[in-house]
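Structure below is my_file_20.cif: mmCIF, C-alpha atoms and all ligand atoms.
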```
data_upload
#
loop_
_atom_site.label_atom_id
_atom_site.label_comp_id
_atom_site.auth_asym_id
_atom_site.auth_seq_id
_atom_site.Cartn_x
_atom_site.Cartn_y
_atom_site.Cartn_z
CA MET A 1 0.00 0.00 0.00
CA LEU A 2 1.47 3.32 -1.00
CA ALA A 3 1.37 5.75 1.82
CA TRP A 4 2.38 8.91 0.06
CA PHE A 5 -1.08 9.89 -1.12
CA THR A 6 -1.61 11.80 2.07
CA SER A 7 -3.08 15.20 1.52
CA ALA A 8 -2.61 17.54 4.44
CA ALA A 9 0.58 19.55 4.35
CA ARG A 10 2.53 19.14 7.54
CA THR A 11 5.40 20.93 9.04
CA ARG A 12 8.31 18.94 10.28
CA PRO A 13 11.39 19.73 12.26
CA PRO A 14 14.59 19.68 10.20
CA ALA A 15 16.15 16.31 9.49
CA SER A 16 18.73 15.18 11.96
CA GLY A 17 21.36 15.67 9.29
CA ASP A 18 20.88 19.42 9.23
CA ARG A 19 24.41 20.36 9.99
CA VAL A 20 25.37 23.50 8.23
CA HIS A 21 29.04 24.27 8.52
CA ALA A 22 30.87 27.49 8.07
CA ALA A 23 33.02 27.62 4.97
CA THR A 24 36.31 25.97 5.76
CA VAL A 25 39.29 24.74 3.86
CA LEU A 26 38.83 21.02 3.49
CA PRO A 27 41.34 18.40 2.40
CA ALA A 28 41.70 18.49 -1.34
CA GLU A 29 39.85 15.85 -3.35
CA GLN A 30 38.20 14.26 -0.36
CA PRO A 31 35.00 12.70 -1.70
CA GLY A 32 31.81 14.19 -0.43
CA ARG A 33 33.39 17.28 1.06
CA VAL A 34 33.22 20.65 -0.62
CA GLU A 35 33.64 24.20 0.45
CA LEU A 36 30.25 25.73 0.96
CA GLU A 37 29.43 28.06 -1.85
CA ASN A 38 26.82 30.01 -0.03
CA GLU A 39 26.47 29.21 3.63
CA LEU A 40 23.08 29.24 5.15
CA ASP A 41 22.38 30.78 8.47
CA ARG A 42 22.28 27.99 11.04
CA SER A 43 18.73 28.85 11.94
CA SER A 44 17.47 28.88 8.39
CA VAL A 45 15.68 25.80 7.18
CA PRO A 46 14.53 26.09 3.59
CA THR A 47 10.75 26.13 3.34
CA THR A 48 8.37 26.83 0.49
CA PRO A 49 6.45 30.11 0.69
CA PRO A 50 2.64 29.97 0.65
CA PRO A 51 1.25 29.66 -2.89
CA PRO A 52 0.31 32.95 -4.57
CA VAL A 53 -3.36 31.90 -4.77
CA ASP A 54 -5.47 29.15 -3.24
CA ILE A 55 -6.18 27.41 -6.51
CA GLU A 56 -8.39 24.79 -4.85
CA GLU A 57 -10.65 27.57 -3.60
CA LEU A 58 -11.05 28.79 -7.17
CA PHE A 59 -11.26 25.30 -8.72
CA PRO A 60 -12.50 22.88 -6.03
CA GLU A 61 -12.41 19.93 -8.42
CA LEU A 62 -8.59 20.20 -8.36
CA ARG A 63 -8.76 18.54 -4.93
CA ASP A 64 -9.30 15.28 -6.80
CA TYR A 65 -6.03 15.84 -8.67
CA ALA A 66 -3.80 16.78 -5.74
CA THR A 67 -1.17 14.87 -3.82
CA THR A 68 1.72 15.42 -1.45
CA ALA A 69 5.30 15.58 -2.61
CA THR A 70 8.25 15.97 -0.27
CA ARG A 71 10.67 18.63 -1.43
CA LEU A 72 14.13 17.65 -0.23
CA HIS A 73 15.72 21.13 -0.39
CA PRO A 74 19.28 19.79 -0.78
CA ARG A 75 21.96 22.21 0.36
CA ARG A 76 25.70 21.66 0.24
CA GLY A 77 27.03 20.18 3.44
CA ASN A 78 28.83 17.25 4.97
CA PRO A 79 26.25 14.53 5.68
CA GLY A 80 27.34 11.28 7.31
CA THR A 81 26.14 7.73 6.79
CA GLN A 82 23.55 8.19 9.54
CA ASP A 83 22.03 11.20 7.75
CA SER A 84 19.59 11.52 4.93
CA SER A 85 21.39 13.14 2.03
CA ILE A 86 21.71 13.72 -1.67
CA GLY A 87 25.09 12.57 -2.98
CA GLY A 88 26.29 11.77 0.53
CA PRO A 89 27.85 8.62 1.97
CA LEU A 90 25.58 5.59 2.19
CA ARG A 91 25.00 3.34 5.18
CA TRP A 92 26.29 0.18 3.50
CA PRO A 93 26.75 -3.27 5.04
CA ALA A 94 30.38 -4.28 5.50
CA ASP A 95 29.90 -7.59 3.68
CA GLU A 96 27.79 -6.39 0.75
CA PRO A 97 29.67 -5.81 -2.50
CA TRP A 98 29.43 -2.30 -3.90
CA PRO A 99 27.45 -2.24 -7.17
CA PHE A 100 29.19 -1.68 -10.50
CA CYS A 101 27.89 -1.13 -14.00
CA VAL A 102 29.34 -4.05 -15.94
CA ASP A 103 29.03 -5.05 -19.60
CA ARG A 104 26.71 -2.22 -20.51
CA GLU A 105 27.03 0.14 -23.41
CA HIS A 106 27.96 3.70 -22.44
CA TYR A 107 27.50 6.60 -24.78
CA VAL A 108 30.71 8.54 -24.36
CA ASN A 109 30.99 12.23 -25.00
CA HIS A 110 33.07 13.95 -22.35
CA LEU A 111 34.70 12.02 -19.51
CA SER A 112 36.16 13.37 -16.28
CA THR A 113 37.50 11.79 -13.13
CA PRO A 114 35.41 12.45 -10.01
CA ALA A 115 38.40 14.29 -8.51
CA THR A 116 38.52 16.68 -11.45
CA VAL A 117 34.81 17.41 -11.22
CA ARG A 118 35.12 18.18 -7.51
CA ARG A 119 38.16 20.37 -8.06
CA GLN A 120 36.37 22.35 -10.79
CA ARG A 121 33.32 22.87 -8.63
CA ARG A 122 35.45 23.99 -5.71
CA ILE A 123 37.31 26.52 -7.84
CA TYR A 124 34.14 27.95 -9.40
CA ALA A 125 32.43 28.12 -5.99
CA ALA A 126 35.39 29.92 -4.45
CA ALA A 127 35.47 32.45 -7.29
CA LYS A 128 31.75 33.02 -6.97
CA ALA A 129 31.96 33.48 -3.20
CA ARG A 130 34.85 35.91 -3.65
CA ALA A 131 32.86 37.97 -6.15
CA ALA A 132 29.88 38.04 -3.81
CA ALA A 133 32.02 39.06 -0.84
CA THR A 134 33.98 41.81 -2.61
CA GLY A 135 31.40 43.08 -5.10
CA GLN A 136 34.04 42.60 -7.80
CA PRO A 137 33.13 40.85 -11.06
CA TYR A 138 33.42 37.05 -11.08
CA GLU A 139 36.91 36.18 -12.22
CA LEU A 140 39.25 33.26 -11.79
CA THR A 141 42.79 33.88 -10.57
CA GLU A 142 45.76 32.73 -12.59
CA ALA A 143 46.39 29.96 -10.07
CA GLU A 144 42.80 28.78 -10.31
CA ARG A 145 42.88 28.81 -14.08
CA ALA A 146 46.05 26.73 -14.02
CA GLU A 147 44.30 24.11 -11.89
CA LEU A 148 41.43 23.65 -14.33
CA PRO A 149 41.67 21.13 -17.15
CA ALA A 150 41.46 22.41 -20.71
CA SER A 151 37.82 22.82 -21.75
CA ASP A 152 38.17 20.09 -24.37
CA HIS A 153 40.02 17.68 -22.09
CA SER A 154 38.46 14.24 -21.78
CA GLU A 155 39.77 11.11 -20.14
CA PRO A 156 40.43 8.09 -22.43
CA GLU A 157 37.20 6.55 -23.73
CA ALA A 158 38.45 3.06 -22.89
CA LEU A 159 37.93 3.87 -19.21
CA ALA A 160 34.16 3.81 -19.81
CA ASP A 161 34.41 0.21 -21.04
CA GLY A 162 35.51 -1.18 -17.70
CA PRO A 163 33.31 -1.75 -14.65
CA ILE A 164 32.00 1.61 -13.42
CA ALA A 165 31.28 1.97 -9.71
CA LEU A 166 27.82 3.39 -9.07
CA VAL A 167 27.70 6.68 -7.15
CA PRO A 168 25.41 7.55 -4.23
CA VAL A 169 22.52 9.70 -5.38
CA ALA A 170 20.08 9.70 -2.49
CA GLN A 171 19.87 8.20 0.97
CA LEU A 172 16.59 8.79 2.79
CA TYR A 173 15.74 7.50 6.25
CA ARG A 174 12.04 7.00 6.76
CA ARG A 175 12.20 9.08 9.94
CA ASP A 176 12.98 12.06 7.67
CA VAL A 177 10.68 11.22 4.77
CA PRO A 178 7.95 9.05 6.37
CA ASP A 179 5.94 8.60 3.21
CA PHE A 180 8.46 7.36 0.66
CA ALA A 181 7.00 4.57 -1.44
CA GLY A 182 8.67 1.32 -0.50
CA PRO A 183 8.28 -1.86 1.50
CA ALA A 184 6.44 -1.01 4.71
CA ASP A 185 9.07 -2.68 6.88
CA CYS A 186 12.01 -0.85 5.31
CA ASP A 187 13.24 2.34 6.91
CA LEU A 188 16.04 3.28 4.57
CA LEU A 189 15.89 4.07 0.86
CA GLN A 190 19.08 4.32 -1.18
CA VAL A 191 19.32 5.38 -4.80
CA LEU A 192 22.51 5.01 -6.80
CA TRP A 193 23.30 5.47 -10.45
CA CYS A 194 25.98 4.82 -13.01
CA PRO A 195 27.20 8.33 -13.84
CA LEU A 196 27.41 7.81 -17.61
CA ASP A 197 24.88 7.97 -20.45
CA HIS A 198 23.10 4.73 -21.26
CA PRO A 199 21.49 4.36 -24.69
CA GLU A 200 19.00 1.83 -23.30
CA THR A 201 17.64 4.34 -20.76
CA GLY A 202 17.24 7.29 -23.10
CA TYR A 203 20.84 8.50 -22.67
CA ASN A 204 20.48 8.93 -18.92
CA PRO A 205 22.25 7.52 -15.88
CA ARG A 206 21.27 3.93 -15.04
CA VAL A 207 19.52 3.86 -11.67
CA GLU A 208 19.52 1.19 -8.94
CA VAL A 209 17.45 1.27 -5.76
CA ARG A 210 18.06 -0.39 -2.39
CA TRP A 211 15.50 -0.75 0.41
CA ARG A 212 16.91 -1.60 3.82
CA ARG A 213 16.05 -2.26 7.42
CA VAL A 214 18.60 -0.31 9.38
CA ALA A 215 18.53 -2.73 12.33
CA GLU A 216 19.72 -5.51 10.03
CA ILE A 217 22.72 -3.67 8.63
CA THR A 218 25.85 -5.09 10.12
CA GLY A 219 29.08 -3.14 10.02
CA GLN A 220 29.89 -0.40 7.56
CA VAL A 221 31.75 -0.90 4.31
CA ALA A 222 35.31 0.31 4.86
CA GLU A 223 36.03 1.64 1.42
CA VAL A 224 33.65 2.83 -1.25
CA PRO A 225 35.02 2.47 -4.79
CA GLU A 226 34.84 5.48 -7.07
CA PRO A 227 34.09 5.30 -10.79
CA ALA A 228 37.17 5.72 -12.97
CA VAL A 229 35.28 8.29 -15.04
CA VAL A 230 31.99 10.14 -14.90
CA TYR A 231 29.98 12.52 -17.00
CA ASP A 232 30.41 15.61 -14.84
CA ASP A 233 26.71 16.51 -14.85
CA TYR A 234 25.88 13.17 -13.21
CA LEU A 235 28.13 13.45 -10.16
CA PRO A 236 26.10 14.79 -7.22
CA THR A 237 27.81 17.10 -4.76
CA ALA A 238 27.15 15.98 -1.18
CA CYS A 239 24.13 17.79 0.23
CA VAL A 240 22.17 17.64 3.45
CA VAL A 241 18.41 17.64 2.96
CA HIS A 242 15.53 19.50 4.57
CA PRO A 243 12.44 17.44 3.74
CA GLU A 244 9.23 19.46 3.46
CA PRO A 245 5.84 18.10 2.38
CA VAL A 246 4.13 20.33 -0.18
CA ARG A 247 0.85 20.07 -2.04
CA GLU A 248 1.02 19.40 -5.77
CA HIS A 249 -1.63 19.43 -8.47
CA GLN A 250 -1.61 17.19 -11.50
CA TYR A 251 0.29 18.21 -14.63
CA GLY A 252 -2.09 20.30 -16.74
CA GLY A 253 -2.01 17.98 -19.73
CA LEU A 254 -3.30 15.13 -17.55
CA LEU A 255 -6.26 17.04 -16.11
CA PRO A 256 -9.72 16.61 -17.64
CA GLU A 257 -9.85 18.70 -20.79
CA ASP A 258 -12.58 20.98 -19.52
CA LEU A 259 -10.72 21.77 -16.28
CA ASP A 260 -7.46 22.34 -18.12
CA ARG A 261 -9.22 24.76 -20.50
CA ARG A 262 -10.86 26.70 -17.68
CA LEU A 263 -7.48 26.98 -15.94
CA SER A 264 -6.01 28.38 -19.16
CA ASP A 265 -8.83 30.92 -19.40
CA TRP A 266 -8.23 31.93 -15.79
CA GLU A 267 -4.49 32.30 -16.43
CA GLU A 268 -5.18 34.90 -19.08
CA GLU A 269 -6.85 37.10 -16.48
CA SER A 270 -4.20 36.42 -13.84
CA ASP A 271 -0.48 36.97 -13.45
CA VAL A 272 -0.09 33.44 -12.08
CA ASN A 273 0.74 30.45 -14.24
CA TYR A 274 -0.88 27.18 -13.18
CA GLN A 275 1.79 24.86 -14.54
CA VAL A 276 4.80 26.81 -13.34
CA ASP A 277 3.55 28.32 -10.09
CA LEU A 278 0.84 26.00 -8.75
CA SER A 279 1.14 22.52 -10.20
CA LEU A 280 4.46 20.75 -9.60
CA ALA A 281 7.20 21.60 -7.12
CA PRO A 282 10.58 22.02 -8.82
CA GLY A 283 13.79 20.57 -7.44
CA TRP A 284 14.69 17.23 -5.89
CA LYS A 285 11.61 15.64 -4.41
CA VAL A 286 10.04 12.38 -3.27
CA GLY A 287 6.64 11.31 -4.61
CA GLY A 288 4.29 13.85 -6.13
CA PHE A 289 3.54 14.14 -9.82
CA ALA A 290 5.78 14.09 -12.88
CA ASN A 291 5.99 16.78 -15.51
CA TRP A 292 5.42 15.60 -19.09
CA SER A 293 6.22 18.74 -21.01
CA LEU A 294 9.09 17.28 -23.03
CA THR A 295 7.44 14.27 -24.65
CA ASP A 296 3.81 14.39 -23.46
CA TRP A 297 2.62 11.66 -21.15
CA HIS A 298 3.52 8.08 -21.92
CA PRO A 299 2.91 4.99 -19.80
CA VAL A 300 5.73 3.89 -17.51
CA ASP A 301 5.08 0.19 -16.96
CA CYS A 302 7.20 -2.36 -15.14
CA THR A 303 9.33 -4.37 -17.56
CA VAL A 304 8.84 -7.50 -15.43
CA CYS A 305 5.11 -7.52 -14.60
CA GLY A 306 3.59 -4.73 -16.71
CA THR A 307 2.14 -2.81 -13.74
CA ALA A 308 1.92 0.98 -14.03
CA MET A 309 4.83 2.32 -11.99
CA THR A 310 4.89 4.85 -9.16
CA LEU A 311 6.99 8.01 -9.05
CA LEU A 312 9.58 7.55 -6.32
CA LEU A 313 12.13 10.33 -6.68
CA THR A 314 12.85 13.28 -8.93
CA ALA A 315 16.40 14.40 -9.65
CA ASP A 316 16.25 17.96 -10.92
CA SER A 317 18.64 20.38 -12.57
CA SER A 318 17.29 23.33 -10.60
CA GLU A 319 15.69 23.89 -7.21
CA TYR A 320 13.56 26.83 -8.31
CA GLY A 321 12.56 26.00 -11.86
CA GLY A 322 11.37 29.00 -13.78
CA SER A 323 9.37 30.43 -10.91
CA ASP A 324 10.36 32.53 -7.91
CA VAL A 325 7.18 31.24 -6.30
CA TRP A 326 9.09 28.14 -5.23
CA ARG A 327 12.25 29.84 -3.97
CA ALA A 328 12.73 28.96 -0.31
CA VAL A 329 11.75 31.61 2.21
CA GLY A 330 14.66 33.80 3.21
CA GLU A 331 17.00 32.71 0.46
CA PRO A 332 18.37 35.53 -1.65
CA ALA A 333 17.77 35.74 -5.38
CA GLY A 334 21.44 34.88 -5.96
CA ALA A 335 21.35 31.61 -3.97
CA PRO A 336 22.65 28.64 -5.98
CA VAL A 337 19.80 27.18 -8.01
CA ASN A 338 21.58 23.85 -8.42
CA PRO A 339 23.43 22.97 -5.19
CA VAL A 340 23.60 19.28 -6.17
CA GLY A 341 25.40 20.02 -9.42
CA VAL A 342 23.44 17.40 -11.36
CA THR A 343 22.09 18.48 -14.74
CA ILE A 344 19.75 16.23 -16.68
CA GLY A 345 19.77 16.81 -20.44
CA ARG A 346 19.41 20.52 -21.12
CA GLY A 347 18.24 21.34 -17.62
CA TYR A 348 15.41 18.83 -17.32
CA SER A 349 14.40 16.41 -14.57
CA LEU A 350 14.96 12.68 -14.23
CA TYR A 351 11.87 10.96 -12.84
CA ILE A 352 12.62 7.65 -11.12
CA PHE A 353 9.73 5.17 -10.96
CA VAL A 354 9.35 1.94 -9.01
CA CYS A 355 7.00 -1.01 -9.40
CA PRO A 356 4.26 -1.03 -6.73
CA THR A 357 3.68 -4.77 -7.17
CA SER A 358 7.20 -5.79 -6.22
CA PHE A 359 9.92 -3.48 -5.00
CA ASP A 360 12.39 -6.05 -6.29
CA HIS A 361 11.44 -5.24 -9.88
CA PRO A 362 13.86 -2.84 -11.56
CA PRO A 363 13.21 0.91 -11.49
CA ALA A 364 12.49 2.93 -14.61
CA THR A 365 13.33 6.52 -15.52
CA ALA A 366 11.89 9.24 -17.70
CA MET A 367 13.59 12.50 -18.58
CA GLN A 368 11.21 15.45 -18.81
ZN ZN B 1 26.74 2.32 -16.71
ZN ZN B 2 6.65 -5.11 -11.55
#
```
Re-express the file's structure as structure tokens.
Amino acid sequence: MLAWFTSAARTRPPASGDRVHAATVLPAEQPGRVELENELDRSSVPTTPPPPVDIEELFPELRDYATTATRLHPRRGNPGTQDSSIGGPLRWPADEPWPFCVDREHYVNHLSTPATVRRQRRIYAAAKARAAATGQPYELTEAERAELPASDHSEPEALADGPIALVPVAQLYRRDVPDFAGPADCDLLQVLWCPLDHPETGYNPRVEVRWRRVAEITGQVAEVPEPAVVYDDYLPTACVVHPEPVREHQYGGLLPEDLDRRLSDWEEESDVNYQVDLSLAPGWKVGGFANWSLTDWHPVDCTVCGTAMTLLLTADSSEYGGSDVWRAVGEPAGAPVNPVGVTIGRGYSLYIFVCPTSFDHPPATAMQ
């Protein structure tokens, strides 16, 4: 039974992983640790502002096309294995082999090592922070420029032919996101992906999902292998999360035609846009609805049993989409829109679906 179709928005205290550190110099190339580009005040927990209009008051029938999504509000930080995170370290049993992508075709365009991607991000973040602090234009120093690889540099393509270690994408404890879809007796969801393009999944990363019972995890894996190469847009920067349930309304193209048309008529008289401002929360989220604006809706059915699949997690290229309506309260207009550093296609989202019949069936993805 899927529990995430709850309707009332709730407020929750911040996740236990909400440690926001002052910017510090961290050991170079240490996985999962980055200088903070834009530190948050310790007391600030990102939350979504109230919607600009109560659309259900104006269109009561929308209540039949509403659900709860949990915005994760990832922000750069240093989560541990006991914390919910995006791109952070996973609680992983000592005796369980780390997953690799083996014998799969990778579409290769531009390859980087994870260390290079982290170094680039650290340099750009430092330059950005310096510009913000001094009011001077954004500019790299000579030393920084010398540390960056040439723009056309790519690691040897042969490296993508070997086994590629999957990278942590999301780790969510049920205590932080109580309504994630998954086996009722599991209290930990982990999502990993192979950080290269896969022709068989629409030129996207190939996703794997793990459901766990924390009490049964023995030990902690001592060493996590890193992929030899990645596509830089698919390497998440470690972020703490601030889960917040929000109310979503179905993608306009999936509403009854008459309701969709009346919403369009109303938009013409209003300065609010249903699809952008009121329908789907942008950014990384659990549950909720998918956007279908790239290809129009198509069925996402389980390849094993044919059941219509359930949206589990959305990986997004931007936390605020095209609308300031969703920018977290208290965050300045210049706050990073993509703290995770993952970009899907040309700034789209990757929707990750799971089979509600059996959580052992493989996940599916759609880029929109
Ligand atoms: Zn792969
Ligand atoms: Zn299935």
Choose the residue, out of A:Ala215, A:Val224, A:Lys285, A:Arg210, that has the smallest atom-to-atom separation from Asp360 of chain A; count only C-alpha atoms.
A:Arg210
For the interface of chain A with ligand ZN 1 (chain B) (cut-off 7 Å, counting only C-alpha atoms and all ligand atoms), please tabulate each contacting residue of chain A alongside its nearest pair of atoms and their separation in Å to one decimal, rows sorted by chain and increasing number, as a tab-separated table.
```
residue	atom	partner	partner_atom	distance
A:Cys101	CA	B:ZN1	ZN	4.5
A:Val102	CA	B:ZN1	ZN	6.9
A:Arg104	CA	B:ZN1	ZN	5.9
A:His106	CA	B:ZN1	ZN	6.0
A:Ile164	CA	B:ZN1	ZN	6.2
A:Cys194	CA	B:ZN1	ZN	4.5
A:Pro195	CA	B:ZN1	ZN	6.7
A:Leu196	CA	B:ZN1	ZN	5.6
A:His198	CA	B:ZN1	ZN	6.3
A:Pro205	CA	B:ZN1	ZN	6.9
A:Arg206	CA	B:ZN1	ZN	5.9
```
Please provide as a PyMOL selection string all residues within 12 Å of Gln82 of chain A, with the sequence filter that same-chain residues fewer than 6 positions apart are discarded (counting all atoms listed in the file).
chain A and resi 15-18+88-92+171-176+188+214+217+220+240
List all protein, DNA and RNA residues that have any atom at most 12 Å from ligand ZN 2 (chain B), counting all atoms listed in the file, and write the list as a PyMOL selection string.
chain A and resi 300-310+353-364
Counting only C-alpha atoms, closest pick from A:Leu255, A:Ala290, A:Val272, A:Leu311 relative to Pro52 of chain A is A:Val272
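Atom CA of Ala328 of chain A is found 21.8 Å from atom CA of Tyr251 of chain A.
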When you draw a straight line from atom CA of Pro299 of chain A to atom CA of Leu254 of chain A, how long is it in Å?
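Taking atom CA of Pro299 of chain A as the start and atom CA of Leu254 of chain A as the end point, the length is 12.1 Å.
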Which polymer residues have any atom within 12 Å of an atom of Thr141 of chain A, counting only C-alpha atoms, with same-chain residues fewer than 5 positions away left out, as a PyMOL selection string?
chain A and resi 123-124+126-128+130-131+146-148
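Our summary of the geometry notes that atom CA of Ile86 of chain A is positioned 19.3 Å from atom CA of Ala366 of chain A.
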Given the point (26.6, -4.4, 8.2) in the file's coordinates, find the residues that have an atom at most 8 Å from it, counting only C-alpha atoms, and give them as an mmCIF file with C-alpha atoms, keeping the file's coordinate frame.
```cif
data_model
loop_
_atom_site.group_PDB
_atom_site.id
_atom_site.type_symbol
_atom_site.label_atom_id
_atom_site.label_comp_id
_atom_site.auth_asym_id
_atom_site.auth_seq_id
_atom_site.Cartn_x
_atom_site.Cartn_y
_atom_site.Cartn_z
ATOM 1 C CA TRP A 92 26.290 0.180 3.500
ATOM 2 C CA PRO A 93 26.750 -3.270 5.040
ATOM 3 C CA ALA A 94 30.380 -4.280 5.500
ATOM 4 C CA ASP A 95 29.900 -7.590 3.680
ATOM 5 C CA GLU A 96 27.790 -6.390 0.750
ATOM 6 C CA GLU A 216 19.720 -5.510 10.030
ATOM 7 C CA ILE A 217 22.720 -3.670 8.630
ATOM 8 C CA THR A 218 25.850 -5.090 10.120
ATOM 9 C CA GLY A 219 29.080 -3.140 10.020
ATOM 10 C CA GLN A 220 29.890 -0.400 7.560
ATOM 11 C CA VAL A 221 31.750 -0.900 4.310
#
```
I'd like the neighbourhood of Pro49 of chain A as a list in words, where a residue qualifies if any of its atoms comes within 12 Å (using only C-alpha atoms), though same-chain residues fewer than 3 positions away should be ignored.
Pro46, Pro52, Val53, Glu244, Val246, Arg247, Asp277, Leu278, Ala281, Tyr320, Ser323, Asp324, Val325, Trp326, Arg327, Ala328, Val329, Gly330 and Glu331 of chain A
